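Colleague: Next comes the structure file model_0.cif, holding mmCIF, C-alpha atoms.
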```cif
data_query
#
loop_
_atom_site.group_PDB
_atom_site.id
_atom_site.type_symbol
_atom_site.label_atom_id
_atom_site.label_comp_id
_atom_site.auth_asym_id
_atom_site.auth_seq_id
_atom_site.Cartn_x
_atom_site.Cartn_y
_atom_site.Cartn_z
ATOM 1 C CA MET R 4 87.317 108.431 98.367
ATOM 2 C CA SER R 5 89.236 111.161 100.137
ATOM 3 C CA ALA R 6 92.389 109.129 99.945
ATOM 4 C CA GLY R 7 92.169 109.280 96.159
ATOM 5 C CA GLU R 8 94.814 107.301 94.347
ATOM 6 C CA LEU R 9 96.270 106.126 97.624
ATOM 7 C CA ALA R 10 93.112 104.334 98.779
ATOM 8 C CA THR R 11 94.441 101.027 97.554
ATOM 9 C CA ASN R 12 97.879 101.486 99.041
ATOM 10 C CA ALA R 13 97.773 99.451 102.233
ATOM 11 C CA GLU R 14 100.459 101.600 103.824
ATOM 12 C CA ILE R 15 98.122 104.560 104.323
ATOM 13 C CA TYR R 16 96.084 102.602 106.854
ATOM 14 C CA GLY R 17 98.930 102.568 109.323
ATOM 15 C CA SER R 18 101.498 99.927 110.097
ATOM 16 C CA ALA R 19 99.815 98.650 113.243
ATOM 17 C CA THR R 20 96.558 97.824 111.499
ATOM 18 C CA HIS R 21 98.135 95.062 109.402
ATOM 19 C CA SER R 22 96.049 96.187 106.440
ATOM 20 C CA PHE R 23 95.558 94.403 103.162
ATOM 21 C CA VAL R 24 93.638 95.916 100.252
ATOM 22 C CA LEU R 25 91.368 93.501 98.421
ATOM 23 C CA GLY R 26 89.974 93.932 94.915
ATOM 24 C CA HIS R 27 86.259 93.556 94.225
ATOM 25 C CA ASN R 28 84.690 90.134 93.765
ATOM 26 C CA GLU R 29 87.896 88.129 93.702
ATOM 27 C CA VAL R 30 88.772 84.906 95.494
ATOM 28 C CA TYR R 31 91.132 85.436 98.401
ATOM 29 C CA GLU R 32 92.886 82.797 100.417
ATOM 30 C CA MET R 33 94.179 83.304 103.948
ATOM 31 C CA VAL R 34 96.664 81.035 105.655
ATOM 32 C CA VAL R 35 97.220 81.370 109.386
ATOM 33 C CA ASN R 36 100.184 79.588 110.933
ATOM 34 C CA ASN R 37 100.118 79.307 114.703
ATOM 35 C CA HIS R 38 103.561 79.717 116.232
ATOM 36 C CA ASP R 39 101.988 79.719 119.680
ATOM 37 C CA THR R 40 101.150 76.792 121.952
ATOM 38 C CA GLY R 41 97.642 78.049 122.572
ATOM 39 C CA LYS R 42 94.521 77.653 120.451
ATOM 40 C CA HIS R 43 92.926 80.784 118.984
ATOM 41 C CA PRO R 44 89.399 81.215 117.623
ATOM 42 C CA PHE R 45 89.891 83.463 114.590
ATOM 43 C CA HIS R 46 86.900 85.489 113.423
ATOM 44 C CA LEU R 47 86.348 87.325 110.140
ATOM 45 C CA HIS R 48 83.974 90.256 109.821
ATOM 46 C CA GLY R 49 81.997 90.773 106.619
ATOM 47 C CA HIS R 50 82.140 87.200 105.345
ATOM 48 C CA ALA R 51 81.637 83.562 106.172
ATOM 49 C CA PHE R 52 84.715 81.821 104.780
ATOM 50 C CA GLN R 53 85.222 78.389 103.316
ATOM 51 C CA SER R 54 87.094 76.417 105.970
ATOM 52 C CA ILE R 55 89.338 74.303 103.777
ATOM 53 C CA ILE R 56 92.106 72.927 105.953
ATOM 54 C CA ARG R 57 92.413 72.954 109.720
ATOM 55 C CA SER R 58 95.465 71.041 110.912
ATOM 56 C CA ASP R 59 95.821 69.039 114.091
ATOM 57 C CA ASP R 60 97.940 70.308 116.968
ATOM 58 C CA GLU R 61 101.652 70.693 116.248
ATOM 59 C CA ALA R 62 101.329 70.146 112.505
ATOM 60 C CA GLY R 63 103.598 73.154 111.874
ATOM 61 C CA ASP R 64 103.175 75.676 109.076
ATOM 62 C CA TRP R 65 100.992 75.140 106.034
ATOM 63 C CA ASP R 66 103.046 73.877 103.114
ATOM 64 C CA PRO R 67 101.855 75.742 100.006
ATOM 65 C CA ASN R 68 102.928 72.742 97.900
ATOM 66 C CA ALA R 69 100.862 70.258 99.884
ATOM 67 C CA VAL R 70 98.106 70.142 97.268
ATOM 68 C CA THR R 71 100.324 69.945 94.196
ATOM 69 C CA ASN R 72 102.500 67.238 95.749
ATOM 70 C CA GLY R 73 99.425 65.221 96.629
ATOM 71 C CA SER R 74 99.796 65.127 100.407
ATOM 72 C CA VAL R 75 96.552 67.017 100.944
ATOM 73 C CA LYS R 76 93.262 67.189 99.047
ATOM 74 C CA PHE R 77 90.973 70.197 99.410
ATOM 75 C CA PRO R 78 87.300 69.375 100.045
ATOM 76 C CA ALA R 79 84.971 69.897 97.052
ATOM 77 C CA THR R 80 82.274 71.575 99.192
ATOM 78 C CA PRO R 81 84.004 73.020 102.250
ATOM 79 C CA MET R 82 82.269 73.903 105.503
ATOM 80 C CA ARG R 83 81.534 77.627 105.893
ATOM 81 C CA ARG R 84 81.542 79.719 109.048
ATOM 82 C CA ASP R 85 83.059 82.953 110.325
ATOM 83 C CA THR R 86 84.928 81.780 113.430
ATOM 84 C CA LEU R 87 87.390 78.890 113.275
ATOM 85 C CA VAL R 88 89.618 77.453 115.995
ATOM 86 C CA LEU R 89 93.318 77.486 115.096
ATOM 87 C CA ARG R 90 95.116 74.599 116.801
ATOM 88 C CA PRO R 91 98.347 75.041 118.823
ATOM 89 C CA GLU R 92 101.364 75.111 116.507
ATOM 90 C CA GLY R 93 99.124 74.185 113.631
ATOM 91 C CA HIS R 94 97.588 76.071 110.716
ATOM 92 C CA PHE R 95 94.412 76.656 108.791
ATOM 93 C CA VAL R 96 93.563 77.655 105.215
ATOM 94 C CA ILE R 97 90.394 79.590 104.356
ATOM 95 C CA ARG R 98 88.950 81.222 101.227
ATOM 96 C CA PHE R 99 86.230 83.750 100.537
ATOM 97 C CA GLN R 100 84.940 85.945 97.704
ATOM 98 C CA SER R 101 85.532 89.675 98.196
ATOM 99 C CA ASP R 102 81.928 90.551 97.320
ATOM 100 C CA ASN R 103 81.177 92.717 100.348
ATOM 101 C CA PRO R 104 82.962 96.084 100.123
ATOM 102 C CA GLY R 105 84.022 97.528 103.436
ATOM 103 C CA VAL R 106 86.748 97.538 106.025
ATOM 104 C CA TRP R 107 86.695 94.219 107.816
ATOM 105 C CA LEU R 108 88.707 92.971 110.761
ATOM 106 C CA PHE R 109 90.100 89.460 111.025
ATOM 107 C CA HIS R 110 91.051 88.729 114.611
ATOM 108 C CA CYS R 111 91.411 86.230 117.398
ATOM 109 C CA HIS R 112 88.210 86.383 119.419
ATOM 110 C CA ILE R 113 89.855 86.034 122.804
ATOM 111 C CA GLU R 114 89.146 89.441 124.334
ATOM 112 C CA TRP R 115 92.555 90.170 125.739
ATOM 113 C CA HIS R 116 94.250 89.059 122.526
ATOM 114 C CA VAL R 117 92.114 91.604 120.664
ATOM 115 C CA SER R 118 93.215 94.293 123.122
ATOM 116 C CA SER R 119 96.822 93.285 122.534
ATOM 117 C CA GLY R 120 96.554 93.568 118.779
ATOM 118 C CA LEU R 121 96.080 90.084 117.329
ATOM 119 C CA ILE R 122 94.115 91.651 114.471
ATOM 120 C CA LEU R 123 94.494 92.289 110.778
ATOM 121 C CA THR R 124 92.428 94.593 108.596
ATOM 122 C CA LEU R 125 90.983 93.854 105.164
ATOM 123 C CA VAL R 126 90.094 96.909 103.075
ATOM 124 C CA GLU R 127 87.740 95.569 100.445
ATOM 125 C CA VAL R 128 87.156 97.967 97.523
ATOM 126 C CA ASN R 129 83.821 98.254 95.780
ATOM 127 C CA LYS R 130 83.130 97.728 92.086
ATOM 128 C CA LEU R 131 83.023 101.482 91.477
ATOM 129 C CA SER R 132 86.560 101.928 92.655
ATOM 130 C CA PRO R 133 88.742 103.053 89.751
ATOM 131 C CA HIS R 134 91.326 100.679 91.173
ATOM 132 C CA ASN R 135 89.058 97.705 90.988
ATOM 133 C CA HIS R 136 90.728 95.994 88.073
ATOM 134 C CA GLU R 137 94.271 96.675 89.128
ATOM 135 C CA LYS R 138 96.192 94.252 91.244
ATOM 136 C CA PRO R 139 95.769 95.656 94.769
ATOM 137 C CA HIS R 140 98.932 96.957 96.346
ATOM 138 C CA THR R 141 99.752 95.099 99.525
ATOM 139 C CA ASN R 142 102.837 94.513 101.580
ATOM 140 C CA SER R 143 103.497 90.972 100.533
ATOM 141 C CA TYR R 144 102.395 88.775 97.684
ATOM 142 C CA ASN R 145 104.156 85.629 98.638
ATOM 143 C CA THR R 146 102.502 82.607 100.103
ATOM 144 C CA GLY R 147 105.271 82.097 102.613
ATOM 145 C CA THR R 148 106.163 84.268 105.550
ATOM 146 C CA SER R 149 107.959 87.617 105.557
ATOM 147 C CA MET Y 25 73.716 79.201 130.652
ATOM 148 C CA ASN Y 26 71.222 81.732 129.306
ATOM 149 C CA ASP Y 27 72.489 84.279 131.843
ATOM 150 C CA THR Y 28 71.397 82.154 134.773
ATOM 151 C CA GLN Y 29 72.207 79.074 136.824
ATOM 152 C CA ASN Y 30 70.020 75.973 136.971
ATOM 153 C CA LEU Y 31 68.158 76.785 133.759
ATOM 154 C CA GLN Y 32 65.077 74.636 133.262
ATOM 155 C CA ILE Y 33 63.659 74.168 129.778
ATOM 156 C CA PRO Y 34 60.211 72.526 129.818
ATOM 157 C CA VAL Y 35 59.889 70.078 126.906
ATOM 158 C CA SER Y 36 57.149 67.891 125.413
ATOM 159 C CA PRO Y 37 57.836 64.251 124.569
ATOM 160 C CA GLY Y 38 58.465 63.445 120.897
ATOM 161 C CA LYS Y 39 58.785 67.076 119.829
ATOM 162 C CA THR Y 40 61.834 68.411 118.026
ATOM 163 C CA TYR Y 41 63.317 71.663 119.277
ATOM 164 C CA PHE Y 42 65.747 74.044 117.573
ATOM 165 C CA LEU Y 43 68.382 75.269 120.002
ATOM 166 C CA ARG Y 44 70.517 78.268 119.083
ATOM 167 C CA ILE Y 45 73.763 78.121 121.010
ATOM 168 C CA VAL Y 46 76.165 81.083 121.192
ATOM 169 C CA ASN Y 47 79.348 81.406 123.180
ATOM 170 C CA ILE Y 48 79.435 85.026 124.313
ATOM 171 C CA ALA Y 49 82.451 84.545 126.557
ATOM 172 C CA ALA Y 50 85.503 86.770 126.415
ATOM 173 C CA PHE Y 51 87.889 83.856 126.699
ATOM 174 C CA ALA Y 52 86.829 80.318 127.506
ATOM 175 C CA PRO Y 53 85.504 77.889 124.923
ATOM 176 C CA GLN Y 54 82.799 75.501 126.165
ATOM 177 C CA TYR Y 55 82.088 71.840 125.664
ATOM 178 C CA PHE Y 56 78.304 71.439 125.441
ATOM 179 C CA TRP Y 57 76.195 68.318 125.612
ATOM 180 C CA ILE Y 58 72.781 67.075 126.690
ATOM 181 C CA GLU Y 59 72.671 63.842 128.623
ATOM 182 C CA GLY Y 60 70.520 61.155 127.014
ATOM 183 C CA HIS Y 61 70.064 63.121 123.774
ATOM 184 C CA THR Y 62 72.009 63.716 120.590
ATOM 185 C CA MET Y 63 72.056 66.959 118.658
ATOM 186 C CA ARG Y 64 71.642 67.322 114.889
ATOM 187 C CA ILE Y 65 73.831 70.242 113.867
ATOM 188 C CA ILE Y 66 72.131 72.118 111.043
ATOM 189 C CA GLU Y 67 73.770 75.549 111.215
ATOM 190 C CA VAL Y 68 77.081 77.100 112.218
ATOM 191 C CA ASP Y 69 77.729 80.845 112.328
ATOM 192 C CA GLY Y 70 74.584 81.509 110.312
ATOM 193 C CA ILE Y 71 75.319 79.082 107.468
ATOM 194 C CA TYR Y 72 73.068 76.031 107.057
ATOM 195 C CA HIS Y 73 74.791 72.683 106.703
ATOM 196 C CA GLU Y 74 73.625 69.130 106.041
ATOM 197 C CA PRO Y 75 72.433 67.721 109.385
ATOM 198 C CA ALA Y 76 75.179 65.982 111.335
ATOM 199 C CA GLU Y 77 74.710 64.038 114.549
ATOM 200 C CA ALA Y 78 76.794 65.056 117.523
ATOM 201 C CA SER Y 79 76.755 64.004 121.124
ATOM 202 C CA GLN Y 80 79.003 66.882 122.185
ATOM 203 C CA ILE Y 81 80.034 70.162 120.560
ATOM 204 C CA TYR Y 82 82.927 72.551 121.199
ATOM 205 C CA VAL Y 83 81.854 76.176 121.062
ATOM 206 C CA ALA Y 84 84.692 78.716 121.008
ATOM 207 C CA PRO Y 85 84.064 82.386 121.860
ATOM 208 C CA ALA Y 86 82.012 84.004 119.074
ATOM 209 C CA GLN Y 87 80.917 80.712 117.528
ATOM 210 C CA ARG Y 88 77.271 79.855 117.018
ATOM 211 C CA TYR Y 89 75.635 76.462 116.557
ATOM 212 C CA GLY Y 90 72.028 75.742 115.569
ATOM 213 C CA VAL Y 91 71.008 72.212 116.556
ATOM 214 C CA LEU Y 92 67.831 70.143 116.422
ATOM 215 C CA VAL Y 93 67.107 67.948 119.425
ATOM 216 C CA THR Y 94 64.249 65.448 119.335
ATOM 217 C CA MET Y 95 62.776 64.720 122.736
ATOM 218 C CA ARG Y 96 62.295 61.189 124.023
ATOM 219 C CA ASN Y 97 58.888 59.624 123.944
ATOM 220 C CA ASP Y 98 58.585 59.155 127.677
ATOM 221 C CA THR Y 99 58.349 61.607 130.542
ATOM 222 C CA SER Y 100 59.786 59.410 133.266
ATOM 223 C CA ALA Y 101 62.937 61.481 133.750
ATOM 224 C CA ASN Y 102 64.533 64.861 133.323
ATOM 225 C CA PHE Y 103 67.937 65.296 131.713
ATOM 226 C CA ALA Y 104 70.927 67.491 132.443
ATOM 227 C CA ILE Y 105 72.279 69.971 129.886
ATOM 228 C CA SER Y 106 75.966 70.633 130.498
ATOM 229 C CA GLY Y 107 78.450 73.318 129.650
ATOM 230 C CA SER Y 108 82.058 72.844 130.679
ATOM 231 C CA MET Y 109 84.801 75.425 130.212
ATOM 232 C CA ASP Y 110 87.919 74.434 128.330
ATOM 233 C CA THR Y 111 90.581 75.605 130.779
ATOM 234 C CA ASP Y 112 93.603 74.717 128.606
ATOM 235 C CA LEU Y 113 94.538 78.363 128.085
ATOM 236 C CA PHE Y 114 94.099 79.426 131.707
ATOM 237 C CA ASP Y 115 97.467 80.377 133.200
ATOM 238 C CA LYS Y 116 96.154 79.747 136.675
ATOM 239 C CA ILE Y 117 92.920 78.167 137.723
ATOM 240 C CA PRO Y 118 91.668 79.960 140.836
ATOM 241 C CA ASP Y 119 90.738 77.705 143.756
ATOM 242 C CA GLY Y 120 87.058 77.038 143.873
ATOM 243 C CA LEU Y 121 86.433 78.083 140.279
ATOM 244 C CA ASN Y 122 83.428 76.205 138.999
ATOM 245 C CA THR Y 123 84.053 75.470 135.339
ATOM 246 C CA ASN Y 124 80.746 73.653 134.803
ATOM 247 C CA VAL Y 125 77.207 74.895 134.363
ATOM 248 C CA THR Y 126 74.094 72.734 134.398
ATOM 249 C CA GLY Y 127 70.589 73.194 133.061
ATOM 250 C CA TRP Y 128 67.843 70.671 132.464
ATOM 251 C CA LEU Y 129 65.394 69.466 129.851
ATOM 252 C CA VAL Y 130 62.334 69.151 132.066
ATOM 253 C CA TYR Y 131 59.895 66.487 130.885
ATOM 254 C CA ASP Y 132 58.119 66.338 134.234
ATOM 255 C CA LYS Y 133 58.380 69.023 136.928
ATOM 256 C CA SER Y 134 57.632 66.527 139.655
ATOM 257 C CA LYS Y 135 60.639 64.373 138.838
ATOM 258 C CA THR Y 136 64.128 65.093 140.130
ATOM 259 C CA LEU Y 137 66.678 67.238 138.369
ATOM 260 C CA PRO Y 138 69.607 64.847 138.111
ATOM 261 C CA LYS Y 139 73.164 65.873 138.857
ATOM 262 C CA ALA Y 140 75.180 66.263 135.662
ATOM 263 C CA ALA Y 141 78.096 63.928 135.074
ATOM 264 C CA ASN Y 142 81.395 65.675 135.742
ATOM 265 C CA LEU Y 143 83.416 64.847 132.644
ATOM 266 C CA THR Y 144 87.165 65.363 132.486
ATOM 267 C CA LYS Y 145 87.681 63.931 129.022
ATOM 268 C CA PHE Y 146 85.862 65.305 126.010
ATOM 269 C CA ASP Y 147 85.208 64.130 122.476
ATOM 270 C CA PRO Y 148 83.546 66.972 120.608
ATOM 271 C CA PHE Y 149 82.256 67.024 117.052
ATOM 272 C CA ASP Y 150 84.735 68.219 114.385
ATOM 273 C CA ASP Y 151 83.054 71.107 112.566
ATOM 274 C CA MET Y 152 85.397 70.722 109.575
ATOM 275 C CA THR Y 153 83.342 67.685 108.496
ATOM 276 C CA LEU Y 154 80.165 69.701 107.902
ATOM 277 C CA VAL Y 155 78.893 70.192 104.320
ATOM 278 C CA PRO Y 156 76.917 73.364 103.507
ATOM 279 C CA THR Y 157 73.354 72.751 102.257
ATOM 280 C CA ASP Y 158 73.968 75.024 99.285
ATOM 281 C CA LYS Y 159 76.922 72.799 98.317
ATOM 282 C CA MET Y 160 78.921 75.885 97.338
ATOM 283 C CA PRO Y 161 81.948 74.489 95.538
ATOM 284 C CA LEU Y 162 85.503 75.182 96.602
ATOM 285 C CA LEU Y 163 86.524 78.674 95.466
ATOM 286 C CA GLU Y 164 89.391 78.123 93.059
ATOM 287 C CA ASN Y 165 92.393 80.113 91.876
ATOM 288 C CA PRO Y 166 92.658 82.780 94.546
ATOM 289 C CA VAL Y 167 94.062 86.029 93.220
ATOM 290 C CA GLN Y 168 96.176 86.250 96.359
ATOM 291 C CA SER Y 169 97.089 84.118 99.355
ATOM 292 C CA ILE Y 170 97.622 86.170 102.491
ATOM 293 C CA SER Y 171 99.765 84.244 104.925
ATOM 294 C CA VAL Y 172 100.302 85.306 108.515
ATOM 295 C CA ASP Y 173 102.105 83.782 111.477
ATOM 296 C CA VAL Y 174 100.670 84.175 114.937
ATOM 297 C CA ILE Y 175 103.335 84.928 117.498
ATOM 298 C CA MET Y 176 102.692 85.689 121.146
ATOM 299 C CA ASP Y 177 105.612 87.710 122.351
ATOM 300 C CA ASN Y 178 106.078 90.302 124.983
ATOM 301 C CA LEU Y 179 107.724 93.096 123.082
ATOM 302 C CA GLY Y 180 107.919 95.069 126.290
ATOM 303 C CA ASP Y 181 107.702 98.412 124.563
ATOM 304 C CA GLY Y 182 104.002 98.591 123.773
ATOM 305 C CA ALA Y 183 104.730 98.522 120.046
ATOM 306 C CA VAL Y 184 102.929 96.355 117.566
ATOM 307 C CA SER Y 185 104.739 94.547 114.821
ATOM 308 C CA CYS Y 186 104.976 96.482 111.564
ATOM 309 C CA ASP Y 187 105.527 93.417 109.469
ATOM 310 C CA SER Y 188 102.231 92.473 107.883
ATOM 311 C CA SER Y 189 103.219 88.892 107.515
ATOM 312 C CA GLN Y 190 103.281 88.451 111.238
ATOM 313 C CA LEU Y 191 100.600 89.120 113.801
ATOM 314 C CA ILE Y 192 102.607 89.661 116.910
ATOM 315 C CA LEU Y 193 100.792 90.098 120.162
ATOM 316 C CA SER Y 194 102.493 92.655 122.278
ATOM 317 C CA SER Y 195 101.809 93.408 125.883
ATOM 318 C CA CYS Y 196 103.340 95.885 128.276
#
```
Could you take the file, read its structure, and then write that structure out as C-alpha cells?

Modeller:
Amino acid sequence: MSAGELATNAEIYGSATHSFVLGHNEVYEMVVNNHDTGKHPFHLHGHAFQSIIRSDDEAGDWDPNAVTNGSVKFPATPMRRDTLVLRPEGHFVIRFQSDNPGVWLFHCHIEWHVSSGLILTLVEVNKLSPHNHEKPHTNSYNTGTS
Amino acid sequence: MNDTQNLQIPVSPGKTYFLRIVNIAAFAPQYFWIEGHTMRIIEVDGIYHEPAEASQIYVAPAQRYGVLVTMRNDTSANFAISGSMDTDLFDKIPDGLNTNVTGWLVYDKSKTLPKAANLTKFDPFDDMTLVPTDKMPLLENPVQSISVDVIMDNLGDGAVSCDSSQLILSSC
C-alpha cells in the first residue's frame, strides 16, 4: 500500500473520518451509546453484524460489566442484519468477523445525519498485510468512552 | 408504495407470495402491515432467519424485510396494504402531510378496494427476536470493543469532532 508502514495507523485517515483499523479475520465488537433523544438506524457496509443487545428507550449507556455481573445474557445465536435501530438514550452491542478487507463506513442512515457527519470508518486490512498479526493501532482501546 | 399510489397486487387464493420490502426513504421509518393477513418474516437485510409471524413490521431507512404471505382461500374481498410513516423525529409536521400510503391485495377486481384503517398506535415485530437459519453462534472474545457515543450538537463552526470515541453531529 502506498501508505506503507503507516497504513495501519488510524490517524493518517484524517480526524474527521473517525477511522479505526481492523486486523484480518478477527472478531470485533461495536457498542453505540445514544446520547440523543432520537432514534437512529445505524448501517454497516461490508458486513452483516450479529445484533446482540438492543436496549429499550432511555436505558442509558451499555455497561461493559453487564454480562459478567449476570444482569444480561447474550443470545447464543444472535439475529444478523446490517441496519439496526438505536433507541433514544439507549444502546446497542454488535459483533462481526473482519473477513472482508476494505474500507467500510458505519453510519446513521438518516440522510441529513450522514451529511452532517454521523459516520465512522473501518479500515479492514487483508491477510497479505504485513501488519495483519500486529495489534492494529487505533485511537482508543477502552470499552468505555473517551 | 412501489413508486406509486393506490398500488394493486392481483393475488390468487391459497397461494403463498414472497414480498421483498425495502425502505428507500431518506428519513422516515415506516410501519407496514396487511389487513386480514399475517406475514412470516424469513429474511432481514439479506440474511435468512427462522420464519417468524408478524402482523406489523417496522422498516427503518435502509432496512429490508423478506416476508411470506399466504393468501386466504376465498375471493370475496380485497384487502388493504398499509404503510405509515413514523413521524417521531419530525421537528414540524406540515399541514396536510399525508403520512399513510395504501395499496391492495386484489383477490377480485370487481370487488371494492376498502379504505385502510388509520392507526395511531402501533405494535411492530421486534427484529431482535429473530434466529438466523444458519444458527451462527455468538462470536466470542472480540479482539477489540469499539465504543462510540452519539451526540447531536450544533457546534456552530462547521467542524467535526476529532475524538474518535464520540460521533458528534455538527451543523452550521

Colleague: Taking the file above as input, evaluate the PyMOL selection byres ((chain Y and resi 141) around 9) and report the hits as a PyMOL selection string.

Modeller: chain Y and resi 59+104+106+139-140+142-143

Colleague: Can you give me, as a ChimeraX atom specification, the residues this file yields under the PyMOL selection byres ((chain R) within 8 of (chain Y))?

Modeller: /R:18-19,21-22,29-39,41-42,44,46,51,53-57,77-88,98-100,112-116,119-123,142-149

Colleague: Just so the selection is clear, what residues does the PyMOL selection byres ((chain Y and resi 124) around 8) cover here, as an MDAnalysis selection string?

Modeller: chainID Y and resid 106:109 122:123 125:126

Colleague: Would you compute the distance between CA of Leu137 (chain Y) and CA of Ile33 (chain Y)? Give it in Å to one decimal.

Modeller: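 That distance, rounded to one decimal, is 11.4 Å.
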
Colleague: Using only C-alpha atoms, pick whichever of R:His48, R:Lys130, R:His43, R:His94 has the shortest atom-to-atom distance to Asp66 (chain R).

Modeller: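 Using only C-alpha atoms, the shortest distance to Asp66 (chain R) belongs to R:His94.
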
Colleague: With all atoms listed in the file as the counted atoms, please give the residues lying no more than 9 Å from Glu77 (chain Y), apart from itself and same-chain residues fewer than 4 positions off, as a PyMOL selection string.

Modeller: chain Y and resi 62-65+149

Colleague: Rounded to one decimal place, report the CA of Ile81 (chain Y)-CA of Pro34 (chain Y) distance in Å.

Modeller: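 If I compute the distance from CA of Ile81 (chain Y) to CA of Pro34 (chain Y), I get 22.0 Å.
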
Colleague: Just how far from CA of His61 (chain Y) is CA of Met25 (chain Y), in Å to one decimal?

Modeller: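 Going from CA of Met25 (chain Y) over to CA of His61 (chain Y), I get 17.9 Å.
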